[in-house]
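Report on the following structure.
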Amino acid sequence: MKSNQFQLDQLAQLIHGQPIGQLNYVVSGLASLKQAQSHHIAYVKSEKFLSDAEACKAGILIVTSDVQKQLKNHSNFIVVDNPYLVFSQLTHTFERKITERGIEATAQIHPSAMIGENTYIGHYVVIGENAVIGDNTIIQSHAKIDYGVEVGRDGFIDSHVTITGEAKIGDRVRVHANTVIGGEGFGYVPYQGIWHRIAQLGSVRIGNDVRIGSNCSIDRGALDDTILEDGVIIDNLVQVAHNVTIGSNTAIAAKCGIAGSSVIGKNCILAGACGVSGHIKIADNVTLTGMSMVTGNILEAGTYSSGTGLMDSGHWRRTVVRFRQLADVPLTKLAKQIDHIQSQIESIESTLKSRK
Amino acid sequence: MKSNQFQLDQLAQLIHGQPIGQLNYVVSGLASLKQAQSHHIAYVKSEKFLSDAEACKAGILIVTSDVQKQLKNHSNFIVVDNPYLVFSQLTHTFERKITERGIEATAQIHPSAMIGENTYIGHYVVIGENAVIGDNTIIQSHAKIDYGVEVGRDGFIDSHVTITGEAKIGDRVRVHANTVIGGEGFGYVPYQGIWHRIAQLGSVRIGNDVRIGSNCSIDRGALDDTILEDGVIIDNLVQVAHNVTIGSNTAIAAKCGIAGSSVIGKNCILAGACGVSGHIKIADNVTLTGMSMVTGNILEAGTYSSGTGLMDSGHWRRTVVRFRQLADVPLTKLAKQIDHIQSQIESIESTLKSRK
Amino acid sequence: MKSNQFQLDQLAQLIHGQPIGQLNYVVSGLASLKQAQSHHIAYVKSEKFLSDAEACKAGILIVTSDVQKQLKNHSNFIVVDNPYLVFSQLTHTFERKITERGIEATAQIHPSAMIGENTYIGHYVVIGENAVIGDNTIIQSHAKIDYGVEVGRDGFIDSHVTITGEAKIGDRVRVHANTVIGGEGFGYVPYQGIWHRIAQLGSVRIGNDVRIGSNCSIDRGALDDTILEDGVIIDNLVQVAHNVTIGSNTAIAAKCGIAGSSVIGKNCILAGACGVSGHIKIADNVTLTGMSMVTGNILEAGTYSSGTGLMDSGHWRRTVVRFRQLADVPLTKLAKQIDHIQSQIESIESTLKSRK
C-alpha cells in the first residue's frame with residue numbers, strides 16, 4: 001500500500017480500461033477488498049466476490065462490465081476484461097522503486113569485470129574476475145558475483161546472493177535474497193568405503209525472465225550445465241541439483257527438490273514440497289499436487305499426486321497398521337473370490353429349491 | 001559448558017530452590033547427566049531418569065523433593081518443583097553473552113535511520129533509509145536491514161540476515177543467521193502461457209518474543225501483511241509464504257512450509273517438515289505430527305497426522321502395489337458382502353438340517 | 001570444461017592407465033559422452049554405454065579393457081580398471097583452482113584470531129575472537145567465523161557461510177555458500193502457555209573430510225555437542241538439529257532433516273528429503289529411499305522406504321478415500337473369513353452330493 005497519488009482517469013488510461021464515476025477521484029494505494037479504505041483502489045476478481053465487493057470501502061473498483069452492473073454501493077469503477085491481470089499490472093505502478101544508481105564505494109569490483117550502464121551495485125558487493133553485469137541491473141548489498149559469472153540486463157539480485165560456478169544468467173532475471181546459484185553439485189564416487197569427490201566442471205545457464213526465490217540452491221553441472229529455460233519461476237527454499245533442466249514457463253513452488261540430471265518439461269506446475277528423483281523425465285504441461293514424490297518418468301501431460309490425506313492421529317495410527325498389512329492381503333484376488341463364492345451359493349440355493 | 005564460577009548457595013538463590021549439601025561447592029558449567037563431571041551442575045527431569053542420575057558424576061543435581069529422597073550417591077542438591085524449567089533458566093546464566101556495544105566503523109547506516117541506545121551494530125551491516133533499531137538490540141555482521149524496516153528493543157539479528165519489505169518487528173525477537181524476512185511473495189498471474197509478476201505491496205508484521213531460526217524465508221504480503229503474532233517460535237529452513245498469519249505461541253519445527261494466505265491458530269505445534277496448502281484455516285491448539293500434509297481446513301483442536309510408516313523396501317514395494325489397487329477394491333462393500341454371504345450360508349445350513 | 005592442455009600420454013601417466021593410440025593427442029577438457037567434442041576426453045562407465053561411446057566425438061576415451069576391444073569408431077584410449085573412479089580423479093585436474101592467497105585488506109580479523117600459512121581470507125570476511133584457521137584453508141568473501149570457532153587445514157568455506165557456536169571443524173572440510181553451522185538449537189520449555197528459551201551451551205564438532213552443501217543448518221548442541229564424524233557428506237538445504245550424531249562416511253542428500261538428539265550410524269545413505277524424528281537411533285549401513293519418514297529406531301542394516309507412489313490425481317483421490325477406510329476394515333480377518341466361508345461351502349456341497 002505505497003503512497004502514490006493517482007486519479008481515476010489516469011489509472012483507467014494506464015490500464016486501458018473504461019473509467020466510470022468521478023474521474024478526478026484520487027487514490028494512493030492498492031488494497032484487498034477486505035482491507036481497502038476510501039483512498040484505495042481494489043479489484044473484483046469475478047462474480048464470486050460480489051458480496052465482498054459490495055461491503056468493500058475502496059474508492060475505486062476494477063471490475064468486469066458484468067460485475068459493474070450488479071454493484072449498487074459503488075460509483076467509481078474502471079471496467080476491464082480481466083481484472084486480476086490488470087491488478088497484477090497496477091501493482092508495478094504502486095510498487096516502491098529502487099532508484100539508487102551507480103557503484104557504492106565499498107563494492108569490490110575486479111578490474112576485468114564489465115559493469116553495464118545505469119546499474120546499481122550496493123554496499124559490500126564483491127564482483128570477481130571477468131564477471132559481467134548488464135545494463136540497468138540492480139545488485140543489492142553483500143551479493144557475491146564470482147569469477148566468470150554473467151548477469152544480463154534489467155536484472156535484480158538481492159542481498160547475500162552467491163552466484164558462482166561461472167553461471168550465465170539472462171535478462172530481466174530476479175534472484176531473491178540468500179540464494180546460491182552455481183554451487184558445487186553433490187557428486188561423489190563411493191570406493192573402498194570412502195566418498196571420492198567429483199569436481200564439478202559444468203555451469204548453470206539461466207534464460208530470460210526467470211525468477212528465483214530466497215534461500216534456493218541451484219547447483220552447477222558435473223560436466224554439462226544445469227539449465228533453467230526462459231520464463232521459469234521458482235519460489236523459496238528450492239533445490240535444483242546438478243544437470244537438471246527445467247523447461248520454459250514452468251513454475252516451482254517452495255520447498256521442492258529436483259535431484260540430479262532430471263529433465264522437467266515446459267509449462268509444468270510443481271506445488272509445494274514436491275520431490276523429483278534423479279534421472280527422471282517429466283513431460284510438458286504436467287501438474288504435481290503438493291508434496292508429491294516422483295520416482296519414475298511422467299510421459300503424459302496431466303495432474304499427478306501422491307501421499308495420503310490428513311487424519312486425526314488415532315484414526316491414522318489404525319489406518320497405518322492396516323496399510324502395513326496390505327502387502328499380505330491379495331485385495332483384488334479377494335474381491336474375485338467373494339464374487340465366486342456368491343455364485344457358488346446361488347448354485348447351491350437353486351439346487352436346494354429344485355429338490356424341495 | 002561455559003566457564004562461569006558459581007557456588008551451590010548462589011545458584012539456589014538464583015533459581016529460588018532449596019540448597020542441600022556443601023553450600024560453597026563451586027561449579028563452572030551445566031551438563032547433561034551423561035557428560036557431567038564434578039565441576040558441573042546437572043538436572044534430573046523426572047523419576048524416569050533416577051538410574052542415570054545415580055550414575056552421573058555432576059557436582060550438584062537439580063531435583064524435585066521426591067527424586068532427592070531416592071538418590072543415594074549424591075549429596076549436593078538444589079530442590080525445586082520443576083527441574084526442567086529451572087534448567088532452562090540456568091542456561092541463560094551459563095551462556096556466553098555478547099558484550100560488544102556500539103557501531104562498528106564499517107557498518108553503513110543511512111543518515112535517516114534511527115539506532116537506539118546500547119545497541120551493537122556489527123561489521124559490514126547495512127541499514128537503509130528510515131530503518132529503526134530499538135534499544136539494546138544486537139545486529140551481527142553482514143546483516144541487511146533494508147529501507148523502512150523496524151526492529152524493536154532487546155532483539156538479536158544474526159549474521160547474513162536480510163530484512164526487507166518494510167517489515168515491522170517487535171521486541172525481544174531473535175532471528176538466526178541467513179534468514180530472509182520480507183522477501184517478495186511468489187505471486188504471478190498466468191496469462192497467455194506466461195507468468196506475469198504481481199509486485200508485492202504488503203509487508204511482514206512480527207510481534208514480541210518471536211524466534212525465527214536460520215535459513216528461513218518469511219515473505220511479505222501481496223497487498224495485506226504476513227503476520228507472526230507474539231511468542232511464535234520457528235525452527236530452521238521454514239517457509240512462510242505471503243499473507244500467512246500464525247497465531248501467538250505457535251511452534252513450528254524445521255523444514256515446515258506454509259503456503260500463501262493460510263491462517264494458523266494459537267498454541268499450535270507443527271512437527272518437522274509439515275506442509276500446509278494455501279488458503280487453509282487451522283484452529284487453535286492443533287498439533288501436527290512430522291511430515292503431515294494439510295490440504296483442508298482443521299476446525300477442531302487435536303492431533304493430526306498423515307503419511308505412512310517406514311518399512312523395509314521389499315515389504316514397502318509390495319504394499320504400494322496393493323495401495324494402488326485400493327481405488328478399484330470397494331473395501332467396505334466387500335466387508336458387508338462377506339457378512340451377507342455368511343448369513344446366506346447359515347440359512348442354507350439350517351435348511352439342510354431341517355431336511356435331514 | 002576448463003581449458004587446460006594435456007597430451008594422451010600425460011593423462012595416462014596421471015591416472016595410472018594404459019595409453020593407446022596417438023600419444024601426443026591433446027585435449028583441453030573433460031566432457032560427457034553426449035557433449036564431448038574432439039578436444040575432450042570422456043569416460044565410458046560400463047558396457048551399458050557402448051553405443052553412446054561409439055557415437056561420441058571425444059578425442060580420447062577412458063575405458064576398461066573389455067570396452068576398448070568392442071569399440072570400432074575410436075582409436076585413442078586410456079585403459080583402466082575403474083573408469084568412473086578415474087574420471088572423478090581427473091575432474092580435479094581440469095578444475096579451475098582458486099589461486100588467491102593472503103588476507104584481503106577488507107577482512108576484519110580479531111587480533112586474537114590465529115590464521116595459518118598460505119590461506120586466503122576474502123573480502124569482507126569477519127573472523128572473531130580466538131578463532132583459528134588452519135594452513136591452506138580458503139575462506140571466501142563475506143564469511144563469518146565467529147568467536148572461538150576453529151577450522152582445520154586445507155578447508156574451503158564459501159561465501160556468506162556463518163560459523164558460530166564455537167564450532168570445531170577438522171581438516172579438508174568443504175562448506176558451501178550460505179550455510180549456517182553452530183546456530184542456536186531449537187530448545188524451548190513450554191510453561192504456562194509460553195515457550196521458555198533454553199540457551200544452547202553445546203557446540204558442533206565436525207571431523208575431517210566432511211562436505212556440507214549450500215543453505216544447510218547444522219545447529220549447536222543444547223549441552224553436549226552436535227557431531228559429524230569423518231567423511232560425512234551432506235547436500236544442500238539439509239537440517240541437522242542439536243545433539244544429532246552422524247556416523248562416518250554417511251551421505252545425506254538434499255532437503256533431509258534430522259531432528260534433535262538422533263544418532264545415525266556409519267556408511268548410511270539418506271536419499272533426498274528424508275525426515276528423521278528426534279531421539280531416533282539408526283544402525284550402520286542403512287539406506288533410506290527418497291522422502292522416507294523415520295519415526296522409530298532402525299536397528300538393522302538394510303534399505304527402508306515410506307510414502308506411496310505417484311498416481312494420476314483422479315486415481316489418487318479414489319485411492320485415498322479407500323485408504324481412510326482401512327482403519328475400519330479388518331483386512332487380515334476378512335481374508336481368513338473368506339477362507340472359512342469357502343470351506344463351509346465345500347462342506348455344504350459335499351453334503352448335497354451325498355444326498356443326491
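How things are named: the first chain in the C-alpha cells is A, the next is B, and so on; residues count from 1 in each chain; ligands count from 1 in the order shown.
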Residues of chain B within 7 Å of chain C: nearest atom pair and distance (Å, one decimal) for each, counting only C-alpha atoms, sorted by chain and number, as JSON lines?
{"residue": "B:Met1", "atom": "CA", "partner": "C:Leu201", "partner_atom": "CA", "distance": 5.5}
{"residue": "B:Lys2", "atom": "CA", "partner": "C:Leu201", "partner_atom": "CA", "distance": 6.9}
{"residue": "B:Ala31", "atom": "CA", "partner": "C:Leu223", "partner_atom": "CA", "distance": 5.5}
{"residue": "B:Ser32", "atom": "CA", "partner": "C:Leu223", "partner_atom": "CA", "distance": 6.1}
{"residue": "B:Leu85", "atom": "CA", "partner": "C:Val189", "partner_atom": "CA", "distance": 6.4}
{"residue": "B:Ser88", "atom": "CA", "partner": "C:Ile198", "partner_atom": "CA", "distance": 4.5}
{"residue": "B:Gln89", "atom": "CA", "partner": "C:Ile198", "partner_atom": "CA", "distance": 6.9}
{"residue": "B:Thr91", "atom": "CA", "partner": "C:Ala199", "partner_atom": "CA", "distance": 5.1}
{"residue": "B:His92", "atom": "CA", "partner": "C:Ala199", "partner_atom": "CA", "distance": 5.5}
{"residue": "B:Glu95", "atom": "CA", "partner": "C:Leu201", "partner_atom": "CA", "distance": 6.3}
{"residue": "B:Ser159", "atom": "CA", "partner": "C:Thr162", "partner_atom": "CA", "distance": 6.7}
{"residue": "B:His160", "atom": "CA", "partner": "C:His160", "partner_atom": "CA", "distance": 6.7}
{"residue": "B:His176", "atom": "CA", "partner": "C:Gly183", "partner_atom": "CA", "distance": 6.9}
{"residue": "B:Ala177", "atom": "CA", "partner": "C:Val180", "partner_atom": "CA", "distance": 6.6}
{"residue": "B:Asn178", "atom": "CA", "partner": "C:Asn178", "partner_atom": "CA", "distance": 6.7}
{"residue": "B:Ser214", "atom": "CA", "partner": "C:Ser217", "partner_atom": "CA", "distance": 6.6}
{"residue": "B:Asn215", "atom": "CA", "partner": "C:Asn215", "partner_atom": "CA", "distance": 6.6}
{"residue": "B:Asp235", "atom": "CA", "partner": "C:Phe186", "partner_atom": "CA", "distance": 5.9}
{"residue": "B:Asn236", "atom": "CA", "partner": "C:Ser217", "partner_atom": "CA", "distance": 6.8}
{"residue": "B:Asn249", "atom": "CA", "partner": "C:Ile194", "partner_atom": "CA", "distance": 6.3}
{"residue": "B:Gly307", "atom": "CA", "partner": "C:Gly307", "partner_atom": "CA", "distance": 6.2}
{"residue": "B:Thr308", "atom": "CA", "partner": "C:Gly307", "partner_atom": "CA", "distance": 5.5}
{"residue": "B:Gly309", "atom": "CA", "partner": "C:Ser306", "partner_atom": "CA", "distance": 5.9}
{"residue": "B:Leu310", "atom": "CA", "partner": "C:Ser306", "partner_atom": "CA", "distance": 4.6}
{"residue": "B:Met311", "atom": "CA", "partner": "C:Tyr304", "partner_atom": "CA", "distance": 5.5}
{"residue": "B:Asp312", "atom": "CA", "partner": "C:Tyr304", "partner_atom": "CA", "distance": 4.2}
{"residue": "B:Ser313", "atom": "CA", "partner": "C:Tyr304", "partner_atom": "CA", "distance": 4.7}
{"residue": "B:Trp316", "atom": "CA", "partner": "C:Ser305", "partner_atom": "CA", "distance": 6.4}
{"residue": "B:Val320", "atom": "CA", "partner": "C:Thr308", "partner_atom": "CA", "distance": 5.9}
{"residue": "B:Arg324", "atom": "CA", "partner": "C:Thr319", "partner_atom": "CA", "distance": 6.7}
{"residue": "B:Leu326", "atom": "CA", "partner": "C:Thr319", "partner_atom": "CA", "distance": 5.3}
{"residue": "B:Ala327", "atom": "CA", "partner": "C:Thr319", "partner_atom": "CA", "distance": 4.2}
{"residue": "B:Leu331", "atom": "CA", "partner": "C:Val329", "partner_atom": "CA", "distance": 6.9}
{"residue": "B:Thr332", "atom": "CA", "partner": "C:Val329", "partner_atom": "CA", "distance": 6.6}
{"residue": "B:Gln342", "atom": "CA", "partner": "C:Ile341", "partner_atom": "CA", "distance": 6.9}
**OP:** Would you return as a PyMOL selection string the members of range 49-280 of chain C that DSSP assigns to strand (DSSP E) on this structure's backbone?
**Re:** chain C and resi 60-63+77-79+102-103+108-109+114-115+120-121+126-127+132-133+138-139+144-145+150-151+156-157+162-163+168-169+174-175+180-183+188-191+194-197+204-206+211-212+217-219+226-228+233-234+239-240+245-246+251-252+257-258+263-264+269-270+275-276
**OP:** Run DSSP on the backbone of this structure and report the residues of range 26-148 of chain C it assigns to helix (DSSP H, G or I), as a PyMOL selection string.
**Re:** chain C and resi 47-55+65-70+83-94
Output file for the selection above: N, CA, C and O atoms, as a compact mmCIF listing (two decimals), in the first residue's frame:
# COMPACT_ATOMS: atom_id res chain seq x y z
N GLU C 47 29.85 -51.33 -20.00
CA GLU C 47 29.43 -51.81 -21.33
C GLU C 47 28.03 -51.32 -21.71
O GLU C 47 27.66 -51.29 -22.88
N LYS C 48 27.25 -50.95 -20.69
CA LYS C 48 25.90 -50.41 -20.92
C LYS C 48 25.93 -49.19 -21.84
O LYS C 48 24.94 -48.87 -22.49
N PHE C 49 27.06 -48.50 -21.85
CA PHE C 49 27.14 -47.24 -22.60
C PHE C 49 27.91 -47.40 -23.92
O PHE C 49 28.35 -46.42 -24.49
N LEU C 50 28.02 -48.65 -24.39
CA LEU C 50 28.81 -48.91 -25.60
C LEU C 50 28.31 -48.12 -26.81
O LEU C 50 29.11 -47.50 -27.53
N SER C 51 27.00 -48.10 -27.03
CA SER C 51 26.51 -47.42 -28.25
C SER C 51 26.67 -45.91 -28.11
O SER C 51 27.01 -45.23 -29.08
N ASP C 52 26.47 -45.37 -26.92
CA ASP C 52 26.75 -43.95 -26.70
C ASP C 52 28.23 -43.66 -26.97
O ASP C 52 28.58 -42.62 -27.53
N ALA C 53 29.08 -44.59 -26.54
CA ALA C 53 30.52 -44.39 -26.71
C ALA C 53 30.88 -44.38 -28.20
O ALA C 53 31.67 -43.56 -28.66
N GLU C 54 30.29 -45.27 -28.96
CA GLU C 54 30.57 -45.31 -30.41
C GLU C 54 30.16 -43.99 -31.05
O GLU C 54 30.86 -43.46 -31.92
N ALA C 55 29.04 -43.45 -30.63
CA ALA C 55 28.53 -42.21 -31.23
C ALA C 55 29.26 -40.97 -30.73
O ALA C 55 29.14 -39.88 -31.32
N SER C 65 39.41 -52.47 -20.33
CA SER C 65 40.00 -53.25 -21.42
C SER C 65 38.90 -53.91 -22.25
O SER C 65 38.95 -53.92 -23.48
N ASP C 66 37.87 -54.43 -21.58
CA ASP C 66 36.76 -55.09 -22.28
C ASP C 66 36.04 -54.13 -23.22
O ASP C 66 35.72 -54.46 -24.36
N VAL C 67 35.77 -52.95 -22.72
CA VAL C 67 35.06 -51.95 -23.54
C VAL C 67 35.93 -51.55 -24.72
O VAL C 67 35.47 -51.43 -25.85
N GLN C 68 37.22 -51.38 -24.46
CA GLN C 68 38.12 -50.92 -25.52
C GLN C 68 38.07 -51.85 -26.73
O GLN C 68 38.01 -51.41 -27.87
N LYS C 69 38.05 -53.15 -26.44
CA LYS C 69 38.07 -54.14 -27.53
C LYS C 69 36.82 -54.07 -28.40
O LYS C 69 36.82 -54.48 -29.55
N GLN C 70 35.72 -53.57 -27.82
CA GLN C 70 34.45 -53.58 -28.56
C GLN C 70 34.17 -52.29 -29.32
O GLN C 70 33.20 -52.20 -30.06
N PRO C 83 36.83 -46.87 -14.74
CA PRO C 83 36.77 -45.58 -15.44
C PRO C 83 36.06 -44.48 -14.64
O PRO C 83 36.47 -43.32 -14.67
N TYR C 84 35.02 -44.84 -13.90
CA TYR C 84 34.25 -43.83 -13.17
C TYR C 84 35.10 -43.20 -12.06
O TYR C 84 35.13 -41.98 -11.87
N LEU C 85 35.83 -44.06 -11.36
CA LEU C 85 36.70 -43.56 -10.28
C LEU C 85 37.81 -42.68 -10.87
O LEU C 85 38.12 -41.60 -10.35
N VAL C 86 38.40 -43.15 -11.96
CA VAL C 86 39.47 -42.39 -12.61
C VAL C 86 38.94 -41.05 -13.11
O VAL C 86 39.59 -40.01 -12.99
N PHE C 87 37.73 -41.09 -13.66
CA PHE C 87 37.10 -39.84 -14.09
C PHE C 87 36.99 -38.86 -12.92
O PHE C 87 37.29 -37.67 -13.03
N SER C 88 36.56 -39.38 -11.76
CA SER C 88 36.38 -38.49 -10.61
C SER C 88 37.71 -37.85 -10.23
O SER C 88 37.76 -36.69 -9.80
N GLN C 89 38.81 -38.59 -10.40
CA GLN C 89 40.14 -38.02 -10.10
C GLN C 89 40.52 -36.98 -11.14
O GLN C 89 41.05 -35.92 -10.82
N LEU C 90 40.22 -37.27 -12.41
CA LEU C 90 40.59 -36.35 -13.49
C LEU C 90 39.87 -35.01 -13.38
O LEU C 90 40.39 -33.98 -13.80
N THR C 91 38.64 -35.02 -12.82
CA THR C 91 37.93 -33.74 -12.69
C THR C 91 38.78 -32.74 -11.91
O THR C 91 38.73 -31.55 -12.18
N HIS C 92 39.57 -33.23 -10.97
CA HIS C 92 40.40 -32.33 -10.17
C HIS C 92 41.51 -31.70 -11.00
O HIS C 92 41.92 -30.57 -10.76
N THR C 93 41.96 -32.44 -12.01
CA THR C 93 42.99 -31.91 -12.92
C THR C 93 42.43 -30.77 -13.76
O THR C 93 43.11 -29.78 -14.02
N PHE C 94 41.19 -30.91 -14.17
CA PHE C 94 40.61 -29.92 -15.07
C PHE C 94 39.87 -28.79 -14.32
O PHE C 94 39.40 -27.84 -14.93
Original post:
With distances taken over only C-alpha atoms, which of B:Ile62, B:Asn297, B:Glu349, B:Asn267 is nearest to Gln18 in chain B?
Top reply: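 Between B:Ile62, B:Asn297, B:Glu349, B:Asn267, the residue approaching Gln18 in chain B most closely is B:Ile62.
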Original post:
In Å, how far is it from CA of Arg211 in chain C to CA of Gly148 in chain C?
Top reply: 21.0 Å
Original post:
CA of Gly134 in chain C to CA of Val151 in chain C: how many Å, to one decimal?
Top reply: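 We find that CA of Gly134 in chain C and CA of Val151 in chain C lie 6.0 Å from each other.
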Subject >> Near-Leu23 in chain C list (8 Å; only C-alpha atoms; drop same-chain fewer than 4 positions) as a ChimeraX atom specification >> reply: /C:7-9,19
Store the residues picked out above in a file with N, CA and C atoms, as an mmCIF file, in the first residue's frame.
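Final output, saved to again-v8.cif:
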data_model
loop_
_atom_site.group_PDB
_atom_site.id
_atom_site.type_symbol
_atom_site.label_atom_id
_atom_site.label_comp_id
_atom_site.auth_asym_id
_atom_site.auth_seq_id
_atom_site.Cartn_x
_atom_site.Cartn_y
_atom_site.Cartn_z
ATOM 1 N N GLN C 7 48.339 -33.931 -23.001
ATOM 2 C CA GLN C 7 48.514 -34.988 -24.008
ATOM 3 C C GLN C 7 47.989 -36.313 -23.468
ATOM 4 N N LEU C 8 47.637 -37.176 -24.379
ATOM 5 C CA LEU C 8 47.151 -38.509 -24.011
ATOM 6 C C LEU C 8 48.120 -39.217 -23.069
ATOM 7 N N ASP C 9 49.428 -39.197 -23.402
ATOM 8 C CA ASP C 9 50.377 -39.929 -22.553
ATOM 9 C C ASP C 9 50.521 -39.295 -21.165
ATOM 10 N N PRO C 19 47.998 -46.075 -22.086
ATOM 11 C CA PRO C 19 47.643 -45.232 -23.232
ATOM 12 C C PRO C 19 47.618 -46.066 -24.515
#
Subject >> Point-to-point distance from CA of His123 in chain B to CA of Ile139 in chain B, Å rounded to tenths >> reply: 9.2 Å
